[in-house]
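Below is one structure, written out as structure tokens; the observations come after it.
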Protein chains: 4
Amino acid sequence: MIIVMQHGASKEQVEHVFERITAIGLRYQAIYGEERVVIGVIGEEDLIRTLPIDAMPGVERSFPILHEFRLADREWHEQPTQVAVDGVVFGGNKVVVVAGPCTVEDEPMLVRTAESVQTSGASMLRGGAFKPRTSPYTFQGHGEQALAYLAEARAATGLPVVTEVMDTADIELVASYADVLQVGARNMSNFSLLKKVGKLDKPVLLKRGMASTVRELLMSAEYILSNGNMKVILCERGIRTFEDGTRNTLDLSAVPAIKTVSHLPVIVDPSHATGRSAFIAPMAKAAIAAGADGLMIEVHPNPETAMSDGAQSLTFGQFEQLMKELGPIAAAVGREI
Amino acid sequence: MIIVMQHGASKEQVEHVFERITAIGLRYQAIYGEERVVIGVIGEEDLIRTLPIDAMPGVERSFPILHEFRLADREWHEQPTQVAVDGVVFGGNKVVVVAGPCTVEDEPMLVRTAESVQTSGASMLRGGAFKPRTSPYTFQGHGEQALAYLAEARAATGLPVVTEVMDTADIELVASYADVLQVGARNMSNFSLLKKVGKLDKPVLLKRGMASTVRELLMSAEYILSNGNMKVILCERGIRTFEDGTRNTLDLSAVPAIKTVSHLPVIVDPSHATGRSAFIAPMAKAAIAAGADGLMIEVHPNPETAMSDGAQSLTFGQFEQLMKELGPIAAAVGREI
Amino acid sequence: MIIVMQHGASKEQVEHVFERITAIGLRYQAIYGEERVVIGVIGEEDLIRTLPIDAMPGVERSFPILHEFRLADREWHEQPTQVAVDGVVFGGNKVVVVAGPCTVEDEPMLVRTAESVQTSGASMLRGGAFKPRTSPYTFQGHGEQALAYLAEARAATGLPVVTEVMDTADIELVASYADVLQVGARNMSNFSLLKKVGKLDKPVLLKRGMASTVRELLMSAEYILSNGNMKVILCERGIRTFEDGTRNTLDLSAVPAIKTVSHLPVIVDPSHATGRSAFIAPMAKAAIAAGADGLMIEVHPNPETAMSDGAQSLTFGQFEQLMKELGPIAAAVGREI
Amino acid sequence: MIIVMQHGASKEQVEHVFERITAIGLRYQAIYGEERVVIGVIGEEDLIRTLPIDAMPGVERSFPILHEFRLADREWHEQPTQVAVDGVVFGGNKVVVVAGPCTVEDEPMLVRTAESVQTSGASMLRGGAFKPRTSPYTFQGHGEQALAYLAEARAATGLPVVTEVMDTADIELVASYADVLQVGARNMSNFSLLKKVGKLDKPVLLKRGMASTVRELLMSAEYILSNGNMKVILCERGIRTFEDGTRNTLDLSAVPAIKTVSHLPVIVDPSHATGRSAFIAPMAKAAIAAGADGLMIEVHPNPETAMSDGAQSLTFGQFEQLMKELGPIAAAVGREI
């Protein structure tokens, strides 16, 4: 932690800060510049973070030096982490493609979709059972019934399944069906949910919140990791900006940004990020080129009848075509798909 | 709903849209412009929203005409709603000031704070028992113990108390102590939580999410209202922008924006919005001038020892001074405080 | 400047940074923490800014300690600056209201508007001669003819006039008519324009860019000040965010933020910020309550026939009413209007 | 244009809107819904845009139906436009790489850089002569001297050169040296500059403003096109968001978004977008995968001595390596580099 004192801070104010630092067992070193005193705090940075430094008289501001996340930090775990789900490995050489409908609508559509995306090369099935919808008047998902359909689709194809959990009360239920639990963008800062999925022995797909920085995404991952669950897969799915030509703004630089500071695998969801089916293929290619470990793509047998997010779903044919086009991109960055 | 067909959409594509509209029992009227066909859908707009219009072939985009929220809508309920909490009325002529510490630290500090803010003119006590913190390594609140302290502070002063609930599993517990349940900014789109507090007979203070529009705030309110709980108080507390000189950007135009379309009372939290104690007084004044029905302000006996958010807390003396300054502002807009 | 070395930076890398610092005549002090070396640079901070510190091997990042602006800094000039324009003083006790049409349409409408806003209490007239319009196909302003009308309106009323200059080629022309030159939000980072208006002896109204931080606004002011023109008035007029219910998001906390670090006067333009006439009155009141030194408000004899920005213009009657309501607010913060 | 009347708008208000529409020679068609009247305006949409529809009594809001840009519109010019610069073609099958230093520092460094990037495969040289810098106290570029160096580097290598023009007063000078004029992000809405470069017979590289939507970028292009200069190359270079881990947020979905509605070529600048040299390679690959027609990359002989933007410059070796890696990506999307 670096503490910058105000221009004209008094000797007493500076010494008061020294005392507060030493009172918690840390050391400090002061730099007397021409216009300001700057204090470097030496020792466990988490300790100094417990003090409201910026509220002390004469303090202008303070900067952290170390990452607040530890278990998610590459300094703690240098090698990339691989998260395996029934033989599907996130973070390995193979780019993992998760595909399926936004919402599980019924059993036949789900099995049909699972079979089709599997044939085209997907390694995992996605499908919403509990749906976070902006309006209480729109379809909220089939709940447990949908979970059962997902299990049937898995039985039919062998594809592991990922589905979202929105409520701490449903964790056990969802975990009893799903191979991977998804924490959605709207719940990235639902710390109760994070703590509880952190206590499971089940991989978690953690999506970046729409107003969250990469650092905050890693702090949310830290909630899961620090509760004992090391199987965390991150997902970039677009952030909120002023640009209204796409649903969100896909921040692909989050991929190298995450890889630089963390060992966790990261995938990209171009469907929710763009909200437009025509933009999914170029953004899926870009994601792989940028180094993503996987993709999450919405596929529906007939998007114009979808119960949610039809405008951003690919047809079976479009998905098949996309998978063909992704192969050379993956090869160009030394990976396979 | 207005549907804009693509330039060059075929007759078949246009007729297909007509068929989809009539198939769900609605009517339409087409406008054949020089470059595009535009289709107006007549009838229950919620019905047309169930169709993935934008995924239909030949459709360029679609615009809703009506608000998606109904119960929160001023068209449904013309008069401003007043939410009464033990004699404290949100949405009336009196501007309600809620004050107290970010976190309930112990019983003496809480009671002392309650007494002090009451003397200065606050009508309600705030204090965090369950704290949403970015880092799992920082203090997470004293939980039920803190709720008990809040009850004691209420007993000592008569001030009703508001505190945050973060987990559906804690709703009953928190509701057994608190007079108003707060749903925090990070949980504004935690729809499970919204539905469950919507089933209570207890006022809910709903804070705007950092990446949420006013429309989305009203949609979240709608989750509570449509589950039967009409006692909703909204709170503007700053949104995420690129400006890094303040913690968030306080969007005071949300106050008239909400008042224009909704009947619900709205208060403003300048503490979390700015993150800087020096900016609280000017923004509190501005909020009242803009028409806010109340304020939520962090006050701490000694901010530089606060367990959280010290830099944005007022001292007792600062709060007392602020309350004195707010009186003339309230009077200037025809209200009292 | 504080330089944070990477975890594991080598002794050679650290010493290389030392050498680069001393090579330009500065001193340093190193803090050897448990996980990183941090280097404080002592001496003229502008000098160290000429080095691409972050590009040096082993450097993780660097933080400036001092403001980059000097002449705009309150540390350089402690007392608030007052900018006088023909007896109208920005930054004094009186809140200055600048009013007038978005665009100067013709001479009679301008004079009529000037007379009306003067009667209602405005101190200065605004009106666009050169208009920055998003589309090349919309009206671009009457140019020099409009400047002449402004001069006539000034002659008729005695109100000084402010109008925008967009092109360095027009500075002399605009300055020959206007009492205050406006640099619009779109040109806040047009540094050529800033330098050239900085060489004039004429007040400049500098509007904050839509994507600019307060710090950047002050850096743009510094371009004018450092070229010799100390008569700079700042203007907050809304920033770009994801919220689409208003044209921009009015950042009123910019007012105390600017006052804290700078001595320059700051006014607020609620018309452009909100884009909606119904929100102008509450935001104008809020601006004064927040401490603004003035307001800039669009007024038009008949907004529904305006050549630009009709939706955000007040009628004469609305403006008269607003001025009446602003008086008590100004009084409540110890000012007059 | 679609006009939505307010709930409860009177018959007179609706008829008044009809009259305003027919008064300018347009037709309308009204849709009487259950809760609101919606009016479709038929005819030249630019005409209706001259009216301040939203300021008319009883109007709730209005939506444009057609793009405001015409010459930039794919509906006007279906085939992709190719802009040729001395044999280098933007918008063709070959991905064009523009490389060079942020700032032209001296003649030897520029020629050396030009030769090196040419050897590695770049097709054009970039280099700043007039630099838009946030601070007036930092290096502002060598101006005309730098232009002369660029001409020498072109003579030495045959690479065409692109450099920025910031001031209408410098257009002639810059155009006399450069092969392509760059309008930078900060000047994207400097409409005077756009009009004047629109009158030249010289390609223009137009960078997206940091707070500008894709639609606004195309409107700025329209300023150039409508003044007669059809040689416009667009450039995505990152937008302002809350994410502070990168300098800006590179919005790669702008590439397919532009290609969908416009025929103009679009390139990507990962250097300015990310501000970090380590992120340039992944983002450059992603840009090509997303369909960009070219790249603009900062290369410096020794970034840690650069006079500006060292932290985002590649060394010769890094650039050479990147060019090798880009080949397979280009091939994977059916292009060459």
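Residue numbers start at 1 in each chain; chains themselves are named A, B, ... in the order of the structure tokens; ligands are numbered from 1 in the order shown.
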
For this session: Determine which residues of range 2-116 of chain C DSSP labels as helix (DSSP H, G or I) from the backbone of this structure, then write them out as a ChimeraX atom specification.
Result: /C:11-23,45-49,53-55,107-116

Using only C-alpha atoms, what table do you get, as a Markdown table, when you list each residue of chain C with an atom no more than 7 Å from chain A, its nearest pair of atoms, and their distance in Å rounded to one decimal, rows by chain then rising number?
```
| residue | atom | partner | partner_atom | distance |
| --- | --- | --- | --- | --- |
| C:Gln29 | CA | A:Ile31 | CA | 6.9 |
| C:Ile31 | CA | A:Gln29 | CA | 6.9 |
| C:Gly33 | CA | A:Ile42 | CA | 5.3 |
| C:Glu34 | CA | A:Gly43 | CA | 6.2 |
| C:Gly40 | CA | A:Ile31 | CA | 7.0 |
| C:Ile42 | CA | A:Gly33 | CA | 5.3 |
| C:Gly43 | CA | A:Glu34 | CA | 6.2 |
| C:Arg240 | CA | A:Phe242 | CA | 6.4 |
| C:Thr241 | CA | A:Phe242 | CA | 5.1 |
| C:Phe242 | CA | A:Phe242 | CA | 4.3 |
```

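With only C-alpha atoms taken into account, the protein and nucleic acid residues at most 6 Å from range 220-228 of chain D (excluding it and anything under 3 positions from it in its own chain) are Pro136 of chain C; Leu194, Lys195, Gly198, Lys199 and Leu217 of chain D.
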
Show which residues sit within 7 Å of range 91-102 of chain B, as a compact mmCIF listing (two decimals) with C-alpha atoms, in the first residue's frame. Count only C-alpha atoms, and ignore same-chain residues fewer than 4 positions away.
```txt
# COMPACT_ATOMS: atom_id res chain seq x y z
CA PRO B 80 -47.54 9.27 -5.82
CA THR B 81 -47.37 6.26 -3.54
CA GLN B 82 -46.52 6.83 0.09
CA VAL B 83 -44.73 4.07 1.95
CA THR B 113 -24.88 6.73 16.45
CA ALA B 114 -28.63 6.23 16.48
CA VAL B 117 -28.45 11.10 14.15
CA ALA B 122 -32.74 11.66 11.04
CA SER B 123 -35.97 9.63 10.92
CA MET B 124 -34.58 6.16 10.38
CA LEU B 125 -31.47 4.16 11.22
CA ARG B 126 -29.39 2.25 8.71
CA GLY B 127 -26.68 -0.30 9.51
CA GLY B 128 -25.23 -3.31 7.73
CA PRO B 265 -40.97 7.17 -3.85
CA ASP B 293 -38.11 11.98 -1.25
CA GLY B 294 -35.27 11.17 1.07
CA LEU B 295 -31.60 10.58 1.67
CA MET B 296 -29.53 7.71 2.96
CA ILE B 297 -26.32 8.86 4.59
CA GLU B 298 -23.48 7.05 6.29
CA VAL B 299 -22.55 8.39 9.70
CA HIS B 300 -19.90 6.94 11.99
CA SER B 308 -15.88 -0.42 6.16
CA ASP B 309 -16.35 2.66 4.00
CA ARG B 335 -40.91 20.56 1.53
CA GLU B 336 -39.74 20.08 5.07
CA ILE B 337 -37.09 17.81 6.49
```

Problem set entry | Pairwise distance for CA of Ala169 in chain D and CA of Met230 in chain C, rounded to one decimal in Å |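 One can read the CA of Ala169 in chain D to CA of Met230 in chain C distance as 24.6 Å.
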
For this session: Mind checking which residues fall within 8 Å of range 186-191 of chain C, counting only C-alpha atoms, ignoring those fewer than 5 positions away in the same chain, and posting them as an NGL selection string?
Result: (:C and (132 or 166 or 206-210 or 217 or 220 or 223)) or (:D and (132-134 or 166 or 186-187 or 189-190))

Emit the selected residues as a PDB file, in the first residue's frame, including C-alpha atoms.
```
ATOM      1  CA  PRO C 132     -21.667  21.040 -34.374  1.00  0.00           C
ATOM      2  CA  MET C 166     -15.440  25.200 -33.772  1.00  0.00           C
ATOM      3  CA  LEU C 206     -14.899  25.275 -21.837  1.00  0.00           C
ATOM      4  CA  LYS C 207     -17.424  22.443 -21.863  1.00  0.00           C
ATOM      5  CA  ARG C 208     -16.545  19.006 -20.585  1.00  0.00           C
ATOM      6  CA  GLY C 209     -16.229  16.361 -23.285  1.00  0.00           C
ATOM      7  CA  MET C 210     -18.740  13.542 -23.202  1.00  0.00           C
ATOM      8  CA  LEU C 217     -11.280  18.771 -18.392  1.00  0.00           C
ATOM      9  CA  SER C 220      -7.781  21.025 -21.357  1.00  0.00           C
ATOM     10  CA  TYR C 223      -3.917  24.338 -22.448  1.00  0.00           C
TER      11      TYR C 223
ATOM     12  CA  PRO D 132      -2.772  15.369 -29.547  1.00  0.00           C
ATOM     13  CA  ARG D 133      -1.502  15.149 -25.969  1.00  0.00           C
ATOM     14  CA  THR D 134      -3.622  15.445 -22.835  1.00  0.00           C
ATOM     15  CA  MET D 166      -5.430  18.154 -36.007  1.00  0.00           C
ATOM     16  CA  ARG D 186     -10.336  13.223 -30.366  1.00  0.00           C
ATOM     17  CA  ASN D 187     -11.295  14.973 -33.600  1.00  0.00           C
ATOM     18  CA  SER D 189     -16.574  15.100 -34.114  1.00  0.00           C
ATOM     19  CA  ASN D 190     -14.514  18.078 -35.241  1.00  0.00           C
TER      20      ASN D 190
END
```

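Between Val180 in chain D and the candidates D:Asp269, D:Asp251, D:Glu144, D:Asp86, the tightest atom-to-atom separation, counting only C-alpha atoms, involves D:Asp86.
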
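Counting only C-alpha atoms, the residue from D:Ile3, D:Lys285, D:Ala155, D:Tyr137 that sits nearest to Arg49 in chain C is D:Tyr137.
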
For this session: Rounded to one decimal place, report the CA of Arg247 in chain B-CA of Ala185 in chain A distance in Å.
Result: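 Atom-to-atom, CA of Arg247 in chain B and CA of Ala185 in chain A are spaced 21.1 Å apart.
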
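Look at Glu164 in chain A: the protein and nucleic acid residues within 7 Å of it, using only C-alpha atoms and passing over chain neighbours fewer than 5 places away, are A:Gly128, A:Phe130, A:Leu181, A:Gln182, A:Val183, A:Gly184.
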
Output N, CA, C and O atoms for every residue in that selection, as an mmCIF file, in the first residue's frame.
```
data_model
loop_
_atom_site.group_PDB
_atom_site.id
_atom_site.type_symbol
_atom_site.label_atom_id
_atom_site.label_comp_id
_atom_site.auth_asym_id
_atom_site.auth_seq_id
_atom_site.Cartn_x
_atom_site.Cartn_y
_atom_site.Cartn_z
ATOM 1 N N GLY A 128 -30.935 -23.352 -20.165
ATOM 2 C CA GLY A 128 -31.402 -22.674 -18.962
ATOM 3 C C GLY A 128 -32.627 -23.331 -18.351
ATOM 4 O O GLY A 128 -33.605 -23.604 -19.059
ATOM 5 N N PHE A 130 -33.479 -22.280 -14.816
ATOM 6 C CA PHE A 130 -33.905 -21.094 -14.064
ATOM 7 C C PHE A 130 -33.355 -19.892 -14.835
ATOM 8 O O PHE A 130 -32.143 -19.769 -15.002
ATOM 9 N N LEU A 181 -22.019 -25.830 -12.671
ATOM 10 C CA LEU A 181 -22.981 -24.817 -12.235
ATOM 11 C C LEU A 181 -22.584 -23.474 -12.817
ATOM 12 O O LEU A 181 -21.438 -23.049 -12.676
ATOM 13 N N GLN A 182 -23.525 -22.820 -13.441
ATOM 14 C CA GLN A 182 -23.227 -21.486 -13.951
ATOM 15 C C GLN A 182 -23.719 -20.423 -12.973
ATOM 16 O O GLN A 182 -24.851 -20.487 -12.506
ATOM 17 N N VAL A 183 -22.830 -19.476 -12.653
ATOM 18 C CA VAL A 183 -23.252 -18.268 -11.939
ATOM 19 C C VAL A 183 -23.300 -17.172 -13.001
ATOM 20 O O VAL A 183 -22.287 -16.864 -13.640
ATOM 21 N N GLY A 184 -24.475 -16.637 -13.221
ATOM 22 C CA GLY A 184 -24.673 -15.700 -14.324
ATOM 23 C C GLY A 184 -24.138 -14.313 -14.035
ATOM 24 O O GLY A 184 -23.773 -13.979 -12.900
#
```

Exercise. Could you state the separation of CA of Ala129 in chain C and CA of Pro108 in chain C in Å, given to one decimal place?
Worked result: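 Between CA of Ala129 in chain C and CA of Pro108 in chain C the gap is 15.1 Å.
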